[in-house]
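Take a look at the structure below.
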Amino acid sequence: MTAWWELWLGAALAMAWLVPRARARLLLSRAKHASIQGHARWSKRLARLLPFYEYDEGRFFACDDPPPDVAAQRRAAFEALGSRLRDRSPRTRAATEAAMPMISDLQFVSRYRVPFQFSRLVRQRLGAGVFLERADGVTVTDLDGNVSYDLAGSYGVNVFGYDFYRSCIDAAVDRARALGPVLGSYHALVADNARRLCAISGLDEVSFHMSGTEAVMQAVRLARYHTRRTHVVQFCGAYHGWWDGVQPGIGNPRDVPDTYTLKDMDETTLQVLETRRDIACVLVNPLQALHPNSAAPGDGTLVASDRHAAFDKAGYTAWLRRLRAVCTARGIALIFDEVFLGFRLARGGAQEYFGVRADMVTYGKTLGGGLPVGVVCGRRDLMRRFREDRPSDICFARGTFNAHPYVMAAMHEFLRRMDEPGPDGTPPLRDSYAGLEDTWRRRFAALNERLSAEGLPVRVAHLMSIATVLYTTPSRYNWLFQFYLRAHGISLSWVGTGRLIFSHAYSDDDYAEVASRFVDAARQMREGGWWWCAPATTNRALTRQVARELLRARLTGTDPGPHAVGSTAAGS
Ligand SMILES: Cc1ncc(COP(=O)(O)O)c(C=O)c1O
């Protein structure tokens, strides 16, 4: 028979095993952001349940139940905007429509420019053209000869102005021509690039890749290899490329069991890092400082006016310092993913701007001098891909086009111009950072003052030259503002007003012109009745209204149900 003390001992041992695990699990749950984005698996389950429904023409203009005259005003404004956009660029639109059925990416972005309830009518009547013929200075020109100010910014690549990248590519073609497209062996410039990158990043070694996504993959793989730990920590809302391992939520059909998505700028996250033993690395995308814990703010998800953004440099710097200290104490690799923001903030990127050193840094986009690239810089002990004492225990990474001669030559031009004068005597780019922060602060403050003085319900928040538009009156129609901006000759990416990317080639005059167009566009949107708002309306009420519509669509079967493979989901 089992003695009582044996039972007690068994129970005590079980508790000793269970309690710390339960505590760690609880802490992990507390470190997840309360939003759906903080819960990757739940967000995917919910996404599968959300039904499709759309507004008919009547509801399209009156989904917030305005008086009939406001709905009529909106309808007339919509027609006028549609014909203005159509008349403006018939060739560009025709080319886009003809290409649409063949290009899946185009179908995707055209569908998700605006909330899905409005999408069909917007595609039919407002549809945005995607083809461009040329870029000059800070403008781009479409197939119809329309010149627009470029705020799409080539996904962040365009920091120094298109003419600069054009000159990098031209120089690269000349420099690389003799070797041409030979891969595997290196062009002599590769060594100089590595030397310059080590100096800029303050790190020991470099590896070259073909995209930012690949650079992040490699940094994470190396962190796992050297720490012999399994998990990656990334922060809620942060984008690190489209690789499975850093996209645990919506958008990735695979479950990702070894990534923790935790709260940014939060004490409990530090406690998790202090206590868990399975964390190999922490990924930081410094762009999140503009909107911690929120994803890149696209207009496709703009249901109300509750988009938040505000950059608190001191607060974010303090957070990075604490993160640095915990990672050092726990042997966790701190990786700054500077693919997007890198050279936009300072010559030494976010490390220099925030005054915090990382163990590894990923770069991409602009560093390629206009050509595709990804780079990892890291501490020597983290970058090594083999072990002296275990010959078969390696960390593999290759890539056919890594260190392509033309890309390396364009990157060389970029890095050289960072520290040396340009061919026409232009000063080194490093000089352009002096006073940059004040310039952009002044410019955005002036724009906000104008918007406020005119009583327009629009503001702009920014981190250096990256901005996002905020809306101050509850409205279901803010997503339409992107089309008013386009009609006023401002070119935006498919996320619309969520991301305005200015290049540093914008002069004060260029900026003033964009600001005037911005204010005019907002004025016209207001005149269209889109910002009419019933006195008691709140953002919460609008969000609840959409939740009720979704529920009704689900319960009443308006939802056509999941699409079978082979059905035509695009229908753009
Ligand atoms: C922070 C960050 N990391 C990684 C990536 C992925 O880079 P790429 O699109 O070159 O694969 C991006 C792209 O936007 C990014 O912003």
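Chains: A, B, ... in order of the structure tokens. Residues: from 1 per chain. Ligands: from 1, in order shown.
All residues of protein, DNA or RNA that reach within 8 Å of Val206 (chain A), judged by only C-alpha atoms and not counting those fewer than 3 positions away in the chain, are A:Ala194, A:Leu197, A:Cys198, A:Val375, A:Val376, A:Cys377, A:Gly378, A:Met383.
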Residues of the last selection are to be written out with C-alpha atoms, as a compact mmCIF listing (two decimals), in the first residue's frame.
# COMPACT_ATOMS: atom_id res chain seq x y z
CA ALA A 194 31.45 44.69 -46.57
CA LEU A 197 28.77 48.12 -43.90
CA CYS A 198 30.79 46.91 -40.92
CA VAL A 375 21.81 42.36 -45.85
CA VAL A 376 22.55 40.98 -42.41
CA CYS A 377 25.26 42.58 -40.31
CA GLY A 378 26.11 40.87 -37.06
CA MET A 383 27.28 35.24 -37.91
Enumerate residues in contact with ligand 1: an atom-to-atom distance of at most 8 Å, counting only C-alpha atoms and all ligand atoms. Format the result as number ranges by chain. A: 155-156, 210-216, 238-242, 285-287, 337-341, 362-365, 372-374
From the set A:Cys236, A:Ala536, A:Leu203, A:Ala329, which residue has the shortest atom-to-atom contact distance to Asp381 (chain A), counting only C-alpha atoms? A:Leu203
Test item: residues at most 12 Å from Arg195 (chain A), only C-alpha atoms, excluding those fewer than 2 positions along its chain, as number ranges by chain: A: 188-193, 197-207, 377, 412, 415-416
Skip Gly368 (chain A) itself and residues of its chain fewer than 6 positions away, then list as a PyMOL selection string all residues within 9 Å of it, counting only C-alpha atoms. chain A and resi 157+165+374+407-412+414
So which one's closest to Phe164 (chain A), A:Gln107, A:Ser89, A:Thr426, A:Gln545? Using only C-alpha atoms, please.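 Comparing A:Gln107, A:Ser89, A:Thr426, A:Gln545 against Phe164 (chain A), the winner is A:Thr426.
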Applying 9 Å and only C-alpha atoms, which residues near Thr472 (chain A) remain after dropping the ones on its own chain fewer than 3 positions away? List them as a VMD selection string. chain A and resid 305 to 306 456 to 459 475
Set the distance at 8 Å and use only C-alpha atoms: which residues neighbour region 479-485 of chain A once local chain neighbours fewer than 6 positions away are removed? I'd like the list as a ChimeraX atom specification. /A:81,114-115,126,299-300,302,491-492,496-497,517-518,521-522,524-525
Mind dumping the selected residues with all heavy atoms as a short mmCIF file (atom, residue, chain, number, x, y, z; two decimals), in the first residue's frame?
data_model
loop_
_atom_site.label_atom_id
_atom_site.label_comp_id
_atom_site.auth_asym_id
_atom_site.auth_seq_id
_atom_site.Cartn_x
_atom_site.Cartn_y
_atom_site.Cartn_z
N LEU A 81 -16.18 62.59 -58.65
CA LEU A 81 -14.81 62.11 -58.40
C LEU A 81 -14.45 61.01 -59.39
O LEU A 81 -13.35 61.00 -59.98
CB LEU A 81 -14.70 61.60 -56.96
CG LEU A 81 -13.36 61.06 -56.50
CD1 LEU A 81 -12.29 62.16 -56.54
CD2 LEU A 81 -13.45 60.49 -55.07
N VAL A 114 -9.78 49.39 -50.07
CA VAL A 114 -10.84 49.99 -49.24
C VAL A 114 -11.55 48.85 -48.52
O VAL A 114 -11.43 47.69 -48.91
CB VAL A 114 -11.84 50.79 -50.11
CG1 VAL A 114 -11.12 51.82 -50.96
CG2 VAL A 114 -12.69 49.89 -50.97
N PRO A 115 -12.32 49.15 -47.46
CA PRO A 115 -13.05 48.08 -46.77
C PRO A 115 -13.92 47.30 -47.76
O PRO A 115 -14.52 47.88 -48.68
CB PRO A 115 -13.89 48.83 -45.74
CG PRO A 115 -13.14 50.10 -45.50
CD PRO A 115 -12.52 50.46 -46.81
N LEU A 126 -14.04 54.06 -59.39
CA LEU A 126 -12.86 54.90 -59.09
C LEU A 126 -11.55 54.27 -59.53
O LEU A 126 -10.57 54.97 -59.74
CB LEU A 126 -12.77 55.20 -57.58
CG LEU A 126 -13.98 55.86 -56.92
CD1 LEU A 126 -13.67 56.16 -55.47
CD2 LEU A 126 -14.39 57.14 -57.65
N ASP A 299 -5.78 51.54 -45.53
CA ASP A 299 -7.15 52.05 -45.57
C ASP A 299 -8.18 50.93 -45.71
O ASP A 299 -9.36 51.14 -45.45
CB ASP A 299 -7.31 53.02 -46.75
CG ASP A 299 -6.65 54.37 -46.46
OD1 ASP A 299 -6.16 54.55 -45.33
OD2 ASP A 299 -6.60 55.22 -47.37
N GLY A 300 -7.73 49.76 -46.15
CA GLY A 300 -8.65 48.63 -46.31
C GLY A 300 -9.30 48.20 -45.01
O GLY A 300 -10.33 47.52 -45.00
N LEU A 302 -10.01 50.49 -42.55
CA LEU A 302 -10.44 51.74 -41.90
C LEU A 302 -11.98 51.73 -41.74
O LEU A 302 -12.70 52.22 -42.60
CB LEU A 302 -9.99 52.91 -42.77
CG LEU A 302 -9.68 54.25 -42.13
CD1 LEU A 302 -8.79 54.13 -40.92
CD2 LEU A 302 -9.03 55.15 -43.16
N SER A 491 0.34 60.66 -55.57
CA SER A 491 0.40 59.23 -55.84
C SER A 491 0.67 58.47 -54.53
O SER A 491 1.61 58.78 -53.80
CB SER A 491 1.53 58.98 -56.85
OG SER A 491 1.79 57.62 -56.95
N LEU A 492 -0.19 57.49 -54.25
CA LEU A 492 -0.08 56.74 -53.00
C LEU A 492 0.09 55.26 -53.29
O LEU A 492 -0.28 54.79 -54.36
CB LEU A 492 -1.36 56.91 -52.17
CG LEU A 492 -1.74 58.34 -51.78
CD1 LEU A 492 -3.12 58.35 -51.14
CD2 LEU A 492 -0.72 58.88 -50.79
N GLY A 496 -2.94 53.29 -49.22
CA GLY A 496 -3.63 54.58 -49.18
C GLY A 496 -3.04 55.54 -48.18
O GLY A 496 -1.83 55.74 -48.12
N THR A 497 -3.93 56.13 -47.37
CA THR A 497 -3.48 57.18 -46.47
C THR A 497 -2.79 56.64 -45.22
O THR A 497 -2.38 57.41 -44.36
CB THR A 497 -4.66 58.08 -46.04
OG1 THR A 497 -5.56 57.29 -45.25
CG2 THR A 497 -5.39 58.65 -47.22
N ARG A 517 -2.22 70.75 -51.89
CA ARG A 517 -3.10 69.78 -52.55
C ARG A 517 -3.83 68.93 -51.50
O ARG A 517 -4.99 68.57 -51.68
CB ARG A 517 -2.28 68.88 -53.48
CG ARG A 517 -1.75 69.63 -54.67
CD ARG A 517 -0.92 68.73 -55.56
NE ARG A 517 -0.32 69.50 -56.63
CZ ARG A 517 -0.12 69.04 -57.86
NH1 ARG A 517 -0.47 67.83 -58.17
NH2 ARG A 517 0.44 69.81 -58.78
N PHE A 518 -3.10 68.59 -50.46
CA PHE A 518 -3.66 67.77 -49.38
C PHE A 518 -4.85 68.49 -48.75
O PHE A 518 -5.93 67.91 -48.55
CB PHE A 518 -2.55 67.55 -48.34
CG PHE A 518 -2.84 66.48 -47.33
CD1 PHE A 518 -2.41 65.18 -47.52
CD2 PHE A 518 -3.52 66.79 -46.17
CE1 PHE A 518 -2.66 64.20 -46.57
CE2 PHE A 518 -3.78 65.82 -45.22
CZ PHE A 518 -3.34 64.53 -45.42
N ALA A 521 -7.75 68.67 -51.19
CA ALA A 521 -8.42 67.37 -51.29
C ALA A 521 -9.34 67.16 -50.09
O ALA A 521 -10.48 66.70 -50.23
CB ALA A 521 -7.38 66.25 -51.38
N ALA A 522 -8.86 67.51 -48.91
CA ALA A 522 -9.67 67.34 -47.70
C ALA A 522 -10.89 68.25 -47.74
O ALA A 522 -12.00 67.85 -47.36
CB ALA A 522 -8.82 67.63 -46.45
N GLN A 524 -12.42 69.26 -50.39
CA GLN A 524 -13.39 68.72 -51.35
C GLN A 524 -14.10 67.49 -50.78
O GLN A 524 -15.29 67.30 -51.02
CB GLN A 524 -12.65 68.34 -52.63
CG GLN A 524 -13.49 68.61 -53.85
CD GLN A 524 -12.68 68.44 -55.10
OE1 GLN A 524 -12.40 67.31 -55.50
NE2 GLN A 524 -12.29 69.53 -55.72
N MET A 525 -13.37 66.71 -50.03
CA MET A 525 -14.00 65.53 -49.41
C MET A 525 -15.08 65.99 -48.42
O MET A 525 -16.16 65.41 -48.36
CB MET A 525 -12.93 64.70 -48.71
CG MET A 525 -13.47 63.57 -47.88
SD MET A 525 -12.79 61.97 -48.28
CE MET A 525 -13.42 61.02 -46.90
#
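Of the listed residues (A:Ala461, A:His404, A:Asp144, A:Ile501), A:His404 comes nearest to Leu179 (chain A); the distances count only C-alpha atoms.
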Would you return as a ChimeraX atom specification the members of region 377-406 of chain A that DSSP assigns to strand (DSSP E or B) on this structure's backbone? /A:377-378,387,390
Just-selected residues, N, CA, C and O atoms written as a compact mmCIF listing (two decimals), in the first residue's frame:
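Heads up, here's the output in selection08.txt:
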# COMPACT_ATOMS: atom_id res chain seq x y z
N CYS A 377 23.99 42.26 -40.96
CA CYS A 377 25.26 42.58 -40.31
C CYS A 377 25.16 42.03 -38.89
O CYS A 377 24.10 42.15 -38.26
N GLY A 378 26.23 41.45 -38.40
CA GLY A 378 26.11 40.87 -37.06
C GLY A 378 27.44 40.71 -36.36
O GLY A 378 28.51 40.85 -36.97
N ARG A 387 30.56 25.12 -36.72
CA ARG A 387 31.21 25.01 -35.41
C ARG A 387 32.54 24.30 -35.60
O ARG A 387 32.60 23.27 -36.28
N ARG A 390 32.25 20.66 -34.33
CA ARG A 390 31.15 19.79 -34.82
C ARG A 390 31.00 20.00 -36.32
O ARG A 390 30.14 20.77 -36.77
When you count only C-alpha atoms, which of these residues is closest to Phe235 (chain A): A:Glu6, A:Glu79, A:Asp264, A:Asp56?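 Distance minimum relative to Phe235 (chain A) lands on A:Asp264.
All residues of protein, DNA or RNA that reach within 10 Å of Ala505 (chain A), judged by only C-alpha atoms and not counting those fewer than 4 positions away in the chain, are Gly137, Val138, Asn158, Val159, Phe160, Gly161, Tyr162, Asp163, Phe164, Asp510 and Tyr511 of chain A.
One distance worth recording is that between CA of Glu549 (chain A) and CA of Trp42 (chain A), which is 20.5 Å.
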Just list as a list of chain:residue names whatever in region 329-372 of chain A DSSP marks as alpha helix (DSSP H).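 Matching residues, listed in order: A:Ala329, A:Arg330, A:Gly342, A:Phe343, A:Arg344, A:Leu345, A:Gly349, A:Ala350, A:Gln351, A:Glu352, A:Tyr353, A:Phe354.
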Kindly give the distance, in Å, that separates CA of Pro297 (chain A) and CA of Val233 (chain A), rounded to a single decimal.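 Going from CA of Pro297 (chain A) over to CA of Val233 (chain A) covers 21.5 Å.
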